[in-house]
Structures are given as structure tokens and as C-alpha cells.
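Reading through the C-alpha cells given below for one structure.
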Amino acid sequence: MKKSKKKTISDIERDIKYCIDVLKLNDEQMGMVLRCTEELGNFSVQYFMEEFILDNLESPEEILRYADPNYLKIDWRLN
């Protein structure tokens, strides 16, 4: 994946604050999330968590409310 610009110190501080105050992550979890966002393109932790992580869902039916399996249905046949 293409890397975006490097994060500034204030970006990193904001990400750490979000990890601690909102997500209640420990040091190991925070490191994993920060590395993940860095490897995927240096975007903010808040953006990553809000756009890509489904948390506190009780059942598969609840997940399907957020992820429509027919949204991008690809027909791989070459006919």
C-alpha cells in the first residue's frame, strides 16, 4: 500500500491519547494499533477504528447490518 506523509509528533500524541482515553488500550495493544496504521498508510488511529473496526457487535446479524455481502459482488467468470 502506498505510504502517505510521515506523522508529526502532534499526530502521534493525538493517536496515543485516543488509544488511552477512548479505546482504553494497554501498551502492547497500542503498539499493535499504531504499527498497523503506519503500515497501512500512516492515517490516524481514530479514522482506522471508526471506519474499519466493528466493535461490540453481539451476533453475525448485527455485523451484516454494517457489511452488506452483496455490495460489491464480483462475477469472476470470463464469459
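Please note that chains go A, B, ... in the order of the C-alpha cells, that every chain numbers its residues from 1, and that ligands are numbered from 1 in the order shown.
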Requested in this report: Write out as a ChimeraX atom specification each polymer residue whose atoms come within 12 Å of Glu50 (chain A), counting only C-alpha atoms; drop sequence neighbours fewer than 4 positions from it.
Outcome: /A:18,22-23,43-46,54-55
Would you save the residues of that selection, restricted to N, CA and C atoms, as a PDB file, in the first residue's frame?
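What landed in again.pdb:
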```
ATOM      1  N   TYR A  18      -5.898   9.075  21.988  1.00  0.00           N
ATOM      2  CA  TYR A  18      -7.113   8.365  21.582  1.00  0.00           C
ATOM      3  C   TYR A  18      -7.056   6.903  22.041  1.00  0.00           C
ATOM      4  N   VAL A  22      -9.923   6.806  24.834  1.00  0.00           N
ATOM      5  CA  VAL A  22     -11.155   6.298  24.229  1.00  0.00           C
ATOM      6  C   VAL A  22     -11.163   4.774  24.165  1.00  0.00           C
ATOM      7  N   LEU A  23     -10.073   4.204  23.648  1.00  0.00           N
ATOM      8  CA  LEU A  23     -10.043   2.761  23.439  1.00  0.00           C
ATOM      9  C   LEU A  23      -9.626   1.969  24.672  1.00  0.00           C
ATOM     10  N   PHE A  43      -2.374   6.749   8.539  1.00  0.00           N
ATOM     11  CA  PHE A  43      -3.554   7.541   8.871  1.00  0.00           C
ATOM     12  C   PHE A  43      -3.819   7.466  10.366  1.00  0.00           C
ATOM     13  N   SER A  44      -4.755   8.252  10.830  1.00  0.00           N
ATOM     14  CA  SER A  44      -4.987   8.351  12.269  1.00  0.00           C
ATOM     15  C   SER A  44      -5.637   7.087  12.821  1.00  0.00           C
ATOM     16  N   VAL A  45      -5.357   6.817  14.085  1.00  0.00           N
ATOM     17  CA  VAL A  45      -5.945   5.675  14.776  1.00  0.00           C
ATOM     18  C   VAL A  45      -7.458   5.843  14.858  1.00  0.00           C
ATOM     19  N   GLN A  46      -7.909   7.047  15.123  1.00  0.00           N
ATOM     20  CA  GLN A  46      -9.349   7.285  15.222  1.00  0.00           C
ATOM     21  C   GLN A  46     -10.043   6.945  13.905  1.00  0.00           C
ATOM     22  N   LEU A  54     -15.318  -3.101  13.610  1.00  0.00           N
ATOM     23  CA  LEU A  54     -16.672  -3.235  14.151  1.00  0.00           C
ATOM     24  C   LEU A  54     -16.541  -3.803  15.551  1.00  0.00           C
ATOM     25  N   ASP A  55     -16.884  -3.010  16.536  1.00  0.00           N
ATOM     26  CA  ASP A  55     -16.708  -3.403  17.930  1.00  0.00           C
ATOM     27  C   ASP A  55     -18.063  -3.520  18.610  1.00  0.00           C
TER      28      ASP A  55
END
```
**Report entry** Separation of CA of Phe48 (chain A) from CA of Lys6 (chain A), in Å and rounded to one decimal
**Finding:**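 Value for the CA of Phe48 (chain A)-CA of Lys6 (chain A) distance: 16.2 Å.
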Query - Residues within 12 Å of region 26-37 of chain A, only C-alpha atoms, excluding chain neighbours under 2 positions, as a ChimeraX atom specification - result: /A:1,3-4,6-7,11-24,39-49,52-53
